[in-house]
>>> print(open('run.csv').read())   # CSV, C-alpha atoms and all ligand atoms
chain,number,residue,atom,x,y,z
A,9,MET,CA,-153.9,43.1,-50.5
A,10,SER,CA,-150.8,44.3,-52.2
A,11,LYS,CA,-148.8,42.6,-55.0
A,12,ILE,CA,-145.2,43.7,-54.8
A,13,LEU,CA,-142.2,42.9,-57.0
A,14,ALA,CA,-139.1,42.9,-54.8
A,15,ILE,CA,-135.4,43.0,-55.8
A,16,GLU,CA,-132.3,42.3,-53.8
A,17,THR,CA,-128.7,42.9,-55.2
A,18,SER,CA,-126.7,44.2,-52.2
A,19,CYS,CA,-124.0,41.6,-52.3
A,20,ASP,CA,-123.5,38.3,-54.2
A,21,GLU,CA,-127.1,37.1,-54.4
A,22,THR,CA,-129.3,38.3,-57.2
A,23,ALA,CA,-133.0,37.9,-56.3
A,24,VAL,CA,-136.4,38.9,-57.6
A,25,CYS,CA,-139.7,37.8,-56.2
A,26,ILE,CA,-143.4,38.7,-56.5
A,27,ILE,CA,-145.4,38.5,-53.3
A,28,ASP,CA,-149.0,39.0,-52.5
A,29,ALA,CA,-149.3,40.5,-49.0
A,30,GLU,CA,-152.3,41.1,-46.8
A,31,GLY,CA,-153.0,41.9,-43.2
A,32,GLY,CA,-151.3,44.2,-40.7
A,33,MET,CA,-148.6,44.0,-38.0
A,34,GLU,CA,-150.6,41.4,-36.1
A,35,ASP,CA,-151.6,39.0,-38.9
A,36,SER,CA,-149.8,39.6,-42.2
A,37,THR,CA,-149.5,36.7,-44.7
A,38,PHE,CA,-147.2,36.7,-47.6
A,39,THR,CA,-148.0,34.5,-50.6
A,40,ILE,CA,-145.0,33.9,-52.8
A,41,LEU,CA,-146.3,34.1,-56.4
A,42,GLY,CA,-142.9,33.9,-58.0
A,43,ASN,CA,-139.3,33.7,-56.6
A,44,ALA,CA,-136.0,33.5,-58.5
A,45,LEU,CA,-132.6,33.6,-56.8
A,46,TYR,CA,-129.1,33.2,-58.2
A,47,SER,CA,-126.2,32.9,-55.9
A,48,GLN,CA,-122.9,34.1,-57.4
A,49,ALA,CA,-120.9,32.5,-54.5
A,50,GLU,CA,-119.1,30.0,-56.7
A,51,LYS,CA,-117.9,32.8,-59.1
A,52,HIS,CA,-116.5,34.8,-56.2
A,53,ALA,CA,-114.9,31.7,-54.6
A,54,GLU,CA,-111.6,32.1,-56.5
A,55,TYR,CA,-111.2,35.6,-55.0
A,56,GLY,CA,-111.9,34.2,-51.5
A,57,GLY,CA,-114.6,36.8,-51.0
A,58,VAL,CA,-117.0,39.0,-52.9
A,59,TYR,CA,-115.4,41.0,-55.8
A,60,PRO,CA,-117.5,44.1,-56.3
A,61,SER,CA,-117.2,44.7,-60.0
A,62,LEU,CA,-117.8,41.0,-60.7
A,63,ALA,CA,-120.9,41.2,-58.5
A,64,LYS,CA,-122.2,44.2,-60.5
A,65,ARG,CA,-121.6,42.4,-63.8
A,66,GLU,CA,-123.4,39.3,-62.6
A,67,HIS,CA,-126.4,41.3,-61.4
A,68,GLN,CA,-126.5,43.0,-64.8
A,69,ALA,CA,-126.5,39.7,-66.5
A,70,ASN,CA,-129.0,38.0,-64.2
A,71,LEU,CA,-131.6,40.5,-63.3
A,72,VAL,CA,-133.7,40.2,-66.5
A,73,PRO,CA,-133.6,36.4,-66.6
A,74,LEU,CA,-134.6,36.2,-62.9
A,75,ALA,CA,-137.3,38.8,-63.2
A,76,THR,CA,-138.7,36.9,-66.3
A,77,GLU,CA,-138.7,33.7,-64.3
A,78,ALA,CA,-140.4,35.2,-61.3
A,79,LEU,CA,-143.0,36.9,-63.4
A,80,GLN,CA,-143.6,33.7,-65.3
A,81,GLN,CA,-144.1,31.7,-62.1
A,82,ALA,CA,-146.6,34.3,-61.0
A,83,GLY,CA,-148.5,34.1,-64.4
A,84,PHE,CA,-147.6,37.7,-64.9
A,85,LEU,CA,-145.5,37.4,-68.0
A,86,ILE,CA,-147.8,38.6,-70.7
A,87,ALA,CA,-146.6,39.4,-74.2
A,88,LYS,CA,-147.3,43.0,-75.1
A,89,SER,CA,-150.3,43.3,-77.5
A,90,LEU,CA,-149.4,44.5,-80.9
A,91,GLY,CA,-150.1,48.1,-81.5
A,92,LEU,CA,-149.2,49.2,-78.0
A,93,PRO,CA,-146.7,52.1,-78.0
A,94,SER,CA,-143.1,50.9,-77.6
A,95,TYR,CA,-141.3,51.7,-74.5
A,96,GLY,CA,-139.9,55.3,-74.5
A,97,ASN,CA,-138.4,56.4,-71.2
A,98,THR,CA,-134.8,56.9,-72.3
A,99,GLU,CA,-133.7,58.6,-69.0
A,100,ALA,CA,-134.3,55.5,-66.9
A,101,ILE,CA,-132.8,53.2,-69.6
A,102,ASP,CA,-129.7,55.5,-69.9
A,103,ALA,CA,-129.2,55.2,-66.1
A,104,LEU,CA,-128.5,51.5,-66.6
A,105,ARG,CA,-125.2,52.6,-68.0
A,106,ASP,CA,-123.9,49.3,-69.4
A,107,GLU,CA,-124.8,48.6,-73.0
A,108,GLY,CA,-125.6,44.9,-72.6
A,109,PHE,CA,-127.8,45.6,-69.6
A,110,LYS,CA,-129.6,48.5,-71.4
A,111,ASN,CA,-130.3,46.2,-74.3
A,112,SER,CA,-131.6,43.3,-72.2
A,113,VAL,CA,-133.9,45.6,-70.1
A,114,THR,CA,-135.2,47.4,-73.2
A,115,GLU,CA,-135.9,44.1,-75.0
A,116,PHE,CA,-137.7,42.8,-71.8
A,117,LEU,CA,-139.8,45.9,-71.5
A,118,GLU,CA,-140.7,45.9,-75.2
A,119,THR,CA,-141.7,42.2,-75.2
A,120,TYR,CA,-143.8,42.0,-72.0
A,121,GLY,CA,-146.6,44.3,-70.7
A,122,LYS,CA,-147.1,45.7,-67.2
A,123,PRO,CA,-147.6,43.0,-64.6
A,124,ASP,CA,-150.4,43.2,-62.0
A,125,ILE,CA,-148.3,44.7,-59.2
A,126,GLU,CA,-148.8,47.8,-57.1
A,127,TYR,CA,-145.2,48.8,-56.4
A,128,ILE,CA,-141.6,47.7,-56.6
A,129,ALA,CA,-139.3,47.3,-53.5
A,130,VAL,CA,-135.6,47.4,-53.9
A,131,THR,CA,-132.6,47.2,-51.5
A,132,LYS,CA,-131.0,50.7,-51.2
A,133,GLY,CA,-128.2,49.7,-48.7
A,134,PRO,CA,-126.1,48.7,-46.9
A,135,GLY,CA,-124.0,46.7,-49.3
A,136,LEU,CA,-121.6,47.1,-52.2
A,137,GLU,CA,-122.5,50.3,-54.0
A,138,PRO,CA,-122.0,49.0,-57.6
A,139,ALA,CA,-124.2,46.0,-56.7
A,140,LEU,CA,-126.9,48.2,-55.1
A,141,TRP,CA,-126.9,50.6,-58.0
A,142,THR,CA,-127.6,47.8,-60.4
A,143,GLY,CA,-130.7,46.7,-58.6
A,144,ILE,CA,-131.9,50.3,-58.0
A,145,THR,CA,-131.5,51.4,-61.7
A,146,PHE,CA,-133.2,48.2,-62.8
A,147,ALA,CA,-136.1,48.8,-60.4
A,148,GLN,CA,-136.4,52.4,-61.6
A,149,ALA,CA,-136.4,51.4,-65.3
A,150,LEU,CA,-139.3,49.0,-64.6
A,151,GLY,CA,-141.1,51.5,-62.4
A,152,ALA,CA,-140.9,54.2,-65.1
A,153,ALA,CA,-142.1,51.9,-67.8
A,154,TRP,CA,-145.0,50.5,-65.8
A,155,SER,CA,-145.8,53.7,-63.9
A,156,VAL,CA,-145.5,52.1,-60.5
A,157,PRO,CA,-143.7,53.6,-57.5
A,158,VAL,CA,-140.3,52.2,-56.5
A,159,ILE,CA,-139.4,52.2,-52.8
A,160,GLY,CA,-136.0,51.6,-51.2
A,161,ILE,CA,-135.6,49.2,-48.3
A,162,ASP,CA,-132.8,48.8,-45.8
A,163,HIS,CA,-131.3,45.3,-46.2
A,164,MET,CA,-130.8,44.9,-42.5
A,165,GLU,CA,-134.5,45.7,-41.9
A,166,GLY,CA,-135.2,42.9,-44.3
A,167,HIS,CA,-133.1,40.5,-42.2
A,168,ILE,CA,-135.1,41.6,-39.1
A,169,VAL,CA,-138.4,41.0,-40.9
A,170,SER,CA,-137.3,37.6,-42.1
A,171,ALA,CA,-136.9,36.5,-38.5
A,172,LEU,CA,-140.5,37.4,-37.9
A,173,LEU,CA,-141.8,35.2,-40.7
A,174,LYS,CA,-142.9,31.6,-40.2
A,175,GLY,CA,-143.1,29.3,-43.2
A,176,VAL,CA,-146.6,27.8,-43.6
A,177,SER,CA,-145.6,26.2,-46.9
A,178,ASP,CA,-142.9,26.9,-49.5
A,179,LYS,CA,-145.3,29.4,-51.0
A,180,GLU,CA,-146.6,31.1,-47.9
A,181,TYR,CA,-145.1,32.9,-44.9
A,182,ARG,CA,-147.0,34.3,-42.0
A,183,LEU,CA,-145.8,37.1,-39.7
A,184,THR,CA,-145.6,36.1,-36.1
A,185,PRO,CA,-146.7,39.2,-34.2
A,186,ALA,CA,-143.8,40.2,-32.0
A,187,ARG,CA,-144.2,42.3,-28.8
A,188,LEU,CA,-142.1,45.5,-28.5
A,189,PRO,CA,-139.6,46.4,-27.2
A,190,LEU,CA,-137.6,44.1,-29.5
A,191,VAL,CA,-133.9,43.5,-29.7
A,192,ALA,CA,-132.5,42.3,-33.0
A,193,LEU,CA,-129.2,40.5,-33.3
A,194,LEU,CA,-128.0,41.0,-36.8
A,195,ILE,CA,-125.1,38.7,-37.8
A,196,SER,CA,-124.1,38.6,-41.4
A,197,GLY,CA,-121.1,39.0,-43.8
A,198,GLY,CA,-121.1,42.7,-43.4
A,199,HIS,CA,-122.7,43.3,-39.9
A,200,THR,CA,-122.6,42.3,-36.3
A,201,ASP,CA,-125.2,44.6,-34.7
A,202,LEU,CA,-127.5,44.7,-31.7
A,203,VAL,CA,-130.4,47.1,-32.2
A,204,LEU,CA,-133.4,48.0,-30.2
A,205,MET,CA,-136.9,48.7,-31.5
A,206,ASN,CA,-139.2,50.5,-29.1
A,207,GLU,CA,-141.6,51.4,-32.0
A,208,TRP,CA,-141.9,49.5,-35.2
A,209,PHE,CA,-139.1,50.3,-37.6
A,210,SER,CA,-137.5,53.0,-35.4
A,211,TYR,CA,-134.1,51.9,-34.2
A,212,GLU,CA,-131.6,52.6,-31.4
A,213,HIS,CA,-128.1,51.1,-31.8
A,214,VAL,CA,-127.0,49.0,-28.8
A,215,GLY,CA,-123.8,47.5,-30.0
A,216,SER,CA,-121.9,46.7,-33.1
A,217,THR,CA,-118.5,45.4,-34.3
A,218,LYS,CA,-115.5,47.6,-34.0
A,219,ASP,CA,-113.7,45.8,-36.9
A,220,ASP,CA,-114.7,42.7,-38.9
A,221,ALA,CA,-118.2,41.4,-39.1
A,222,ILE,CA,-118.8,37.9,-37.7
A,223,GLY,CA,-119.6,36.4,-41.2
A,224,GLU,CA,-116.4,38.0,-42.5
A,225,ALA,CA,-114.4,36.3,-39.7
A,226,PHE,CA,-116.0,32.9,-40.6
A,227,ASP,CA,-115.1,33.5,-44.2
A,228,LYS,CA,-111.5,34.7,-43.4
A,229,VAL,CA,-110.8,31.8,-41.1
A,230,ALA,CA,-112.2,29.4,-43.7
A,231,ARG,CA,-109.7,30.9,-46.2
A,232,LEU,CA,-106.9,30.3,-43.7
A,233,LEU,CA,-108.0,26.7,-43.5
A,234,ASP,CA,-108.2,26.4,-47.3
A,235,LEU,CA,-112.0,26.0,-47.2
A,236,ALA,CA,-114.1,27.4,-50.0
A,237,TYR,CA,-116.0,30.7,-49.9
A,238,PRO,CA,-118.5,31.3,-48.4
A,239,GLY,CA,-116.7,29.8,-45.4
A,240,GLY,CA,-119.5,30.0,-42.7
A,241,PRO,CA,-121.2,26.7,-43.6
A,242,LYS,CA,-117.9,24.9,-44.1
A,243,ILE,CA,-116.5,26.1,-40.7
A,244,ALA,CA,-119.8,24.9,-39.1
A,245,GLU,CA,-119.4,21.5,-40.7
A,246,PHE,CA,-115.8,21.1,-39.6
A,247,ALA,CA,-116.6,22.4,-36.1
A,248,ALA,CA,-119.4,19.8,-35.8
A,249,LYS,CA,-116.9,17.0,-36.7
A,250,SER,CA,-114.5,18.3,-34.0
A,251,ARG,CA,-117.3,18.2,-31.4
A,252,GLU,CA,-118.4,14.7,-32.5
A,253,LYS,CA,-114.8,13.6,-31.9
A,254,GLY,CA,-115.4,14.8,-28.4
A,255,GLY,CA,-112.5,17.0,-27.6
A,256,ASN,CA,-110.5,20.1,-28.4
A,257,THR,CA,-107.6,21.5,-26.5
A,258,ILE,CA,-107.3,24.6,-28.6
A,259,VAL,CA,-108.8,27.8,-27.0
A,260,PHE,CA,-109.0,31.1,-28.8
A,261,PRO,CA,-109.7,34.4,-27.1
A,262,ARG,CA,-113.2,35.9,-26.6
A,263,PRO,CA,-112.5,39.5,-27.7
A,264,LEU,CA,-114.1,42.3,-25.6
A,265,ALA,CA,-115.7,39.7,-23.4
A,266,ASN,CA,-114.9,41.6,-20.3
A,267,ASP,CA,-115.7,45.2,-21.4
A,268,THR,CA,-118.9,46.8,-20.3
A,269,THR,CA,-120.3,47.5,-23.8
A,270,CYS,CA,-122.4,45.4,-26.2
A,271,ASP,CA,-119.8,45.9,-28.9
A,272,PHE,CA,-118.0,43.1,-30.7
A,273,SER,CA,-114.6,42.6,-32.2
A,274,PHE,CA,-113.6,39.7,-34.4
A,275,SER,CA,-110.3,40.7,-36.1
A,276,GLY,CA,-108.2,39.6,-33.1
A,277,LEU,CA,-109.9,36.3,-33.1
A,278,LYS,CA,-109.0,35.8,-36.8
A,279,THR,CA,-105.4,36.8,-36.0
A,280,ALA,CA,-105.2,34.3,-33.1
A,281,VAL,CA,-106.2,31.6,-35.6
A,282,LEU,CA,-103.5,32.8,-38.0
A,283,TYR,CA,-100.8,32.6,-35.3
A,284,LYS,CA,-102.0,29.2,-34.2
A,285,LEU,CA,-101.7,28.0,-37.8
A,286,LYS,CA,-98.2,29.4,-38.1
A,287,SER,CA,-97.1,27.5,-35.0
A,288,MET,CA,-98.3,24.2,-36.5
A,289,GLU,CA,-96.2,22.3,-39.0
A,290,LYS,CA,-98.5,20.2,-41.1
A,291,LEU,CA,-102.2,20.5,-40.9
A,292,SER,CA,-104.2,17.3,-40.9
A,293,GLU,CA,-107.9,17.2,-41.6
A,294,SER,CA,-108.6,16.7,-37.9
A,295,ASP,CA,-106.4,19.7,-37.0
A,296,LYS,CA,-108.6,21.8,-39.3
A,297,GLU,CA,-111.7,20.5,-37.7
A,298,HIS,CA,-110.4,21.3,-34.2
A,299,ILE,CA,-109.3,24.8,-35.2
A,300,ALA,CA,-112.7,25.4,-36.9
A,301,GLY,CA,-114.4,24.1,-33.7
A,302,ALA,CA,-112.3,26.3,-31.4
A,303,PHE,CA,-113.0,29.4,-33.6
A,304,GLU,CA,-116.7,28.7,-33.7
A,305,ASP,CA,-116.8,28.2,-29.9
A,306,ALA,CA,-115.1,31.6,-29.4
A,307,ALA,CA,-117.4,33.4,-31.9
A,308,ARG,CA,-120.5,31.7,-30.3
A,309,ASP,CA,-119.4,32.7,-26.8
A,310,VAL,CA,-119.0,36.4,-27.6
A,311,ILE,CA,-122.4,36.4,-29.4
A,312,VAL,CA,-124.1,34.9,-26.4
A,313,LEU,CA,-122.3,37.1,-23.9
A,314,LYS,CA,-123.0,40.4,-25.7
A,315,THR,CA,-126.6,39.4,-26.5
A,316,ARG,CA,-127.1,38.5,-22.8
A,317,ARG,CA,-125.8,42.0,-21.8
A,318,ALA,CA,-128.2,43.7,-24.3
A,319,LEU,CA,-131.1,41.8,-22.8
A,320,GLU,CA,-130.1,42.6,-19.3
A,321,GLU,CA,-129.7,46.3,-20.1
A,322,ARG,CA,-132.7,46.8,-22.4
A,323,HIS,CA,-135.4,44.4,-21.0
A,324,PRO,CA,-137.0,43.6,-24.4
A,325,LEU,CA,-140.0,41.3,-24.8
A,326,SER,CA,-138.7,39.8,-28.0
A,327,LEU,CA,-135.3,38.8,-29.4
A,328,VAL,CA,-134.9,38.2,-33.1
A,329,VAL,CA,-131.8,36.9,-34.9
A,330,GLY,CA,-131.2,37.6,-38.5
A,331,GLY,CA,-128.5,37.6,-41.3
A,332,GLY,CA,-126.6,34.8,-43.0
A,333,VAL,CA,-124.8,33.7,-39.8
A,334,SER,CA,-128.2,33.1,-38.1
A,335,ALA,CA,-128.2,29.8,-40.0
A,336,ASN,CA,-125.4,28.6,-37.7
A,337,LYS,CA,-126.7,25.7,-35.6
A,338,GLU,CA,-124.2,26.0,-32.8
A,339,ILE,CA,-124.9,29.7,-32.3
A,340,GLN,CA,-128.7,29.0,-32.5
A,341,ARG,CA,-128.4,26.3,-29.9
A,342,ALA,CA,-126.4,28.4,-27.5
A,343,LEU,CA,-128.6,31.5,-27.8
A,344,THR,CA,-131.8,29.4,-27.4
A,345,GLU,CA,-130.3,27.7,-24.3
A,346,MET,CA,-129.3,31.1,-22.8
A,347,VAL,CA,-132.7,32.7,-23.4
A,348,GLN,CA,-134.7,29.8,-22.2
A,349,LYS,CA,-132.7,29.5,-18.9
A,350,GLU,CA,-132.1,33.2,-18.1
A,351,PHE,CA,-134.9,35.1,-19.9
A,352,PRO,CA,-137.9,32.7,-20.1
A,353,ASN,CA,-140.3,35.6,-20.8
A,354,ILE,CA,-138.5,36.8,-23.9
A,355,VAL,CA,-139.8,35.3,-27.2
A,356,LEU,CA,-136.9,34.3,-29.4
A,357,SER,CA,-137.2,33.9,-33.1
A,358,TYR,CA,-135.0,32.9,-36.1
A,359,PRO,CA,-135.8,33.2,-39.8
A,360,PRO,CA,-137.0,30.0,-41.5
A,361,ALA,CA,-134.1,28.2,-43.0
A,362,SER,CA,-135.1,29.3,-46.5
A,363,LEU,CA,-134.7,33.0,-45.5
A,364,THR,CA,-131.5,33.2,-43.4
A,365,GLY,CA,-129.4,34.2,-46.4
A,366,ASP,CA,-130.0,37.2,-48.7
A,367,ASN,CA,-133.3,37.0,-50.6
A,368,ALA,CA,-135.9,39.3,-52.1
A,369,ILE,CA,-138.8,38.0,-50.0
A,370,MET,CA,-137.6,39.8,-46.9
A,371,ILE,CA,-137.3,43.0,-48.9
A,372,GLY,CA,-140.8,42.8,-50.2
A,373,ALA,CA,-142.2,41.8,-46.8
A,374,ALA,CA,-140.4,44.8,-45.1
A,375,ALA,CA,-141.7,47.1,-47.8
A,376,TYR,CA,-145.3,45.9,-47.2
A,377,LEU,CA,-145.0,46.2,-43.4
A,378,ARG,CA,-143.6,49.7,-43.7
A,379,ASN,CA,-146.3,50.8,-46.1
A,380,SER,CA,-149.2,49.2,-44.3
A,381,GLY,CA,-148.0,50.6,-41.0
A,382,GLY,CA,-148.0,54.1,-42.5
A,383,MET,CA,-144.2,54.5,-42.3
A,384,PRO,CA,-142.7,56.8,-44.8
A,385,ALA,CA,-141.5,55.0,-47.9
A,386,ASP,CA,-138.2,56.1,-49.3
A,387,THR,CA,-138.8,57.0,-53.0
A,388,GLU,CA,-135.7,59.1,-53.4
A,389,LEU,CA,-133.4,56.4,-54.3
A,390,PHE,CA,-129.7,56.1,-54.3
A,391,ALA,CA,-127.3,53.4,-53.3
A,392,GLN,CA,-126.1,53.8,-49.7
A,393,GLY,CA,-123.2,51.4,-49.0
A,394,ASN,CA,-123.0,52.3,-45.3
A,395,LEU,CA,-126.6,52.8,-44.6
A,396,ARG,CA,-127.4,52.5,-40.9
A,397,LEU,CA,-130.8,51.6,-39.4
A,398,LYS,CA,-132.4,54.7,-37.8
B,1,LIG,O1,-126.8,37.9,-44.8
B,1,LIG,P1,-125.9,37.2,-45.7
B,1,LIG,O2,-126.4,36.2,-46.7
B,1,LIG,O3,-125.2,38.3,-46.6
B,1,LIG,C1,-124.8,39.5,-46.1
B,1,LIG,O4,-125.7,40.4,-46.0
B,1,LIG,O5,-123.6,39.7,-45.7
B,1,LIG,O6,-124.7,36.6,-44.9
B,1,LIG,C2,-123.6,35.9,-45.5
B,1,LIG,C3,-122.6,35.4,-44.4
B,1,LIG,C4,-121.3,34.9,-45.0
B,1,LIG,O7,-120.3,35.4,-44.3
B,1,LIG,C5,-121.5,33.4,-44.7
B,1,LIG,O8,-120.2,32.7,-44.5
B,1,LIG,C6,-122.3,33.4,-43.4
B,1,LIG,O9,-123.3,34.4,-43.6
B,1,LIG,N1,-122.9,32.1,-43.1
B,1,LIG,C7,-122.7,31.4,-42.0
B,1,LIG,C8,-123.5,30.2,-42.1
B,1,LIG,N2,-124.2,30.3,-43.3
B,1,LIG,C9,-123.9,31.5,-43.9
B,1,LIG,N3,-121.8,31.6,-41.0
B,1,LIG,C10,-121.8,30.6,-40.0
B,1,LIG,N4,-122.5,29.5,-40.1
B,1,LIG,C11,-123.3,29.2,-41.1
B,1,LIG,N5,-124.0,28.1,-41.1
B,2,ZN,ZN,-127.6,40.0,-45.8
>>> encode(input="run.csv", output="structure tokens")
Amino acid sequence: MSKILAIETSCDETAVCIIDAEGGMEDSTFTILGNALYSQAEKHAEYGGVYPSLAKREHQANLVPLATEALQQAGFLIAKSLGLPSYGNTEAIDALRDEGFKNSVTEFLETYGKPDIEYIAVTKGPGLEPALWTGITFAQALGAAWSVPVIGIDHMEGHIVSALLKGVSDKEYRLTPARLPLVALLISGGHTDLVLMNEWFSYEHVGSTKDDAIGEAFDKVARLLDLAYPGGPKIAEFAAKSREKGGNTIVFPRPLANDTTCDFSFSGLKTAVLYKLKSMEKLSESDKEHIAGAFEDAARDVIVLKTRRALEERHPLSLVVGGGVSANKEIQRALTEMVQKEFPNIVLSYPPASLTGDNAIMIGAAAYLRNSGGMPADTELFAQGNLRLK
């Protein structure tokens, strides 16, 4: 059994959790002892996307309160006994840079004692570097004060692991043992990747986007339609209304549909939406619904097409879908239909709804599986904005 404190700050969610993990690659269970997550999405909405320095400031302001809340839920928030030496690792505190952040972390460490955890897991990349650094330096300050190791985890590996988890209750997730080779379709705000795993946590890249990520395209199209950030869920809602109304004459292109690679491209699709909007005079609510519907149809089709190609070429036994866009019902429906019809022997899995977006549970679970599988843990930590699975 391992108790792990996990931290995620790669983008605009600040998340801290404490999990108790046991078992191996065949039968792990993850009990959630404490979990606190704050989404900054509303704060970024006025910029129409994530604003990196605001994300950093928000992480700095929220990490201590969220860690306090998660530890409290776990029953691990124990006031330091009087007489214990006060906290003295100035190097790790200095690395926090910001005065307010330093003060809140110092006060936290001087008020509460070491919780009953074995190590700390933190996202090291990919993501926004100022945001990643905030989580990493916070993890290192806690690790230094409590004398526990801090290990860095790839955010995208976290999304893959989240797709292997099944919710038993809101406090417990169980790993569904997946058979290798495994193809992972990673669709998020920053990524559109198809990767192959022949061995656990060893990756080969099969395809990726040449320009915008799919979630970015959803967000940009939402902005063109005056829908609030993050646009993915809003586009999905509008697209569903268009389908309910039964018809849509708008057709957008399926970029790279006919090339022979598993690569994606979404910027031309976004531009096609822009030109369509320019050609229309006044936009009614129902026009917006149809445009959202036609965009989602095109995005869905390329996802299905390229995933099919990857399955045909790589013959995996499992397909997992992860990242924020994996919450999209229409994409889920179409992928499930394709796999059931054409690849009935491939086991397809999605994350539980509670874990599709960014969260700390997937980071803690990935750290545990790496550690228990004897995979090298990365203790030399620095923020890697463009980190690639390898
Ligand atoms: O994985 P995630 O939470 O953060 C990143 O690592 O990027 O993904 C966020 C992305 C955003 O672009 C958001 O608009 C998109 O996931 N998203 C969706 C849906 N829910 C979230 N896109 C389409 N349909 C959804 N239902
Ligand atoms: Zn993510």
>>> residues_near_ligand(input="run.csv", ligand="ligand LIG 1 (chain B)", cutoff="9 Å", atoms="all atoms listed in the file", output="ChimeraX atom specification")
/A:18-21,57,134-135,163-164,167,194-199,221-228,230,237-245,304,330-339,363-367
>>> residues_around(input="run.csv", residues="Leu319 of chain A", least_positions_apart="4", cutoff="12 Å", atoms="only C-alpha atoms", output="tab-separated table (two decimals) with C-alpha atoms, keeping the file's coordinate frame")
chain	number	residue	atom	x	y	z
A	189	PRO	CA	-139.60	46.40	-27.20
A	190	LEU	CA	-137.60	44.10	-29.50
A	191	VAL	CA	-133.90	43.50	-29.70
A	192	ALA	CA	-132.50	42.30	-33.00
A	193	LEU	CA	-129.20	40.50	-33.30
A	202	LEU	CA	-127.50	44.70	-31.70
A	203	VAL	CA	-130.40	47.10	-32.20
A	204	LEU	CA	-133.40	48.00	-30.20
A	214	VAL	CA	-127.00	49.00	-28.80
A	215	GLY	CA	-123.80	47.50	-30.00
A	270	CYS	CA	-122.40	45.40	-26.20
A	312	VAL	CA	-124.10	34.90	-26.40
A	313	LEU	CA	-122.30	37.10	-23.90
A	314	LYS	CA	-123.00	40.40	-25.70
A	315	THR	CA	-126.60	39.40	-26.50
A	323	HIS	CA	-135.40	44.40	-21.00
A	324	PRO	CA	-137.00	43.60	-24.40
A	325	LEU	CA	-140.00	41.30	-24.80
A	326	SER	CA	-138.70	39.80	-28.00
A	327	LEU	CA	-135.30	38.80	-29.40
A	328	VAL	CA	-134.90	38.20	-33.10
A	343	LEU	CA	-128.60	31.50	-27.80
A	346	MET	CA	-129.30	31.10	-22.80
A	347	VAL	CA	-132.70	32.70	-23.40
A	350	GLU	CA	-132.10	33.20	-18.10
A	351	PHE	CA	-134.90	35.10	-19.90
A	352	PRO	CA	-137.90	32.70	-20.10
A	353	ASN	CA	-140.30	35.60	-20.80
A	354	ILE	CA	-138.50	36.80	-23.90
A	355	VAL	CA	-139.80	35.30	-27.20
A	356	LEU	CA	-136.90	34.30	-29.40
>>> closest_residue(input="run.csv", among="A:Asp106, A:Asp220, A:Asp295, A:Glu54", to="Ala69 of chain A", atoms="all atoms listed in the file")
A:Asp106
>>> atom_distance(input="run.csv", atom1="atom CA of Tyr55 of chain A", atom2="atom CA of Lys278 of chain A")
18.3 Å
>>> closest_residue(input="run.csv", among="A:Phe146, A:Ala368, A:His298, A:Asp271", to="ligand ZN 2 (chain B)", atoms="all atoms listed in the file")
A:Ala368
>>> atom_distance(input="run.csv", atom1="atom CA of Arg105 of chain A", atom2="atom CA of Leu62 of chain A")
15.6 Å
>>> atom_distance(input="run.csv", atom1="atom CA of Thr217 of chain A", atom2="atom CA of Ser273 of chain A")
5.2 Å
>>> closest_residue(input="run.csv", among="A:Phe390, A:Tyr358, A:Phe274, A:Phe38", to="Leu377 of chain A", atoms="only C-alpha atoms")
A:Phe38
>>> closest_residue(input="run.csv", among="A:Glu118, A:Glu77, A:Asp201, A:Ile101", to="Ala147 of chain A", atoms="all atoms listed in the file")
A:Ile101
>>> closest_residue(input="run.csv", among="A:Ala44, A:Glu297, A:Ser61, A:Arg322", to="Asn206 of chain A", atoms="all atoms listed in the file")
A:Arg322
>>> closest_residue(input="run.csv", among="A:Ile86, A:Ala375, A:Met370, A:Val229", to="ligand ZN 2 (chain B)", atoms="all atoms listed in the file")
A:Met370
>>> residues_around(input="run.csv", residues="Phe109 of chain A", least_positions_apart="5", cutoff="10 Å", atoms="all atoms listed in the file", output="MDAnalysis selection string")
chainID A and resid 65 67:72 101 104 114:115 142 146
>>> residues_around(input="run.csv", residues="Arg262 of chain A", least_positions_apart="2", cutoff="6 Å", atoms="all atoms listed in the file", output="PyMOL selection string")
chain A and resi 265+306+310
>>> residues_around(input="run.csv", residues="Cys25 of chain A", least_positions_apart="2", cutoff="8 Å", atoms="all atoms listed in the file", output="count of residues only")
16
>>> residues_around(input="run.csv", residues="Glu34 of chain A", least_positions_apart="3", cutoff="9 Å", atoms="all atoms listed in the file", output="PDB file with C-alpha atoms, in the coordinates of the input")
ATOM      1  CA  GLY A  31    -153.000  41.900 -43.200  1.00  0.00           C
ATOM      2  CA  LEU A 183    -145.800  37.100 -39.700  1.00  0.00           C
ATOM      3  CA  THR A 184    -145.600  36.100 -36.100  1.00  0.00           C
ATOM      4  CA  PRO A 185    -146.700  39.200 -34.200  1.00  0.00           C
ATOM      5  CA  ALA A 186    -143.800  40.200 -32.000  1.00  0.00           C
TER       6      ALA A 186
END
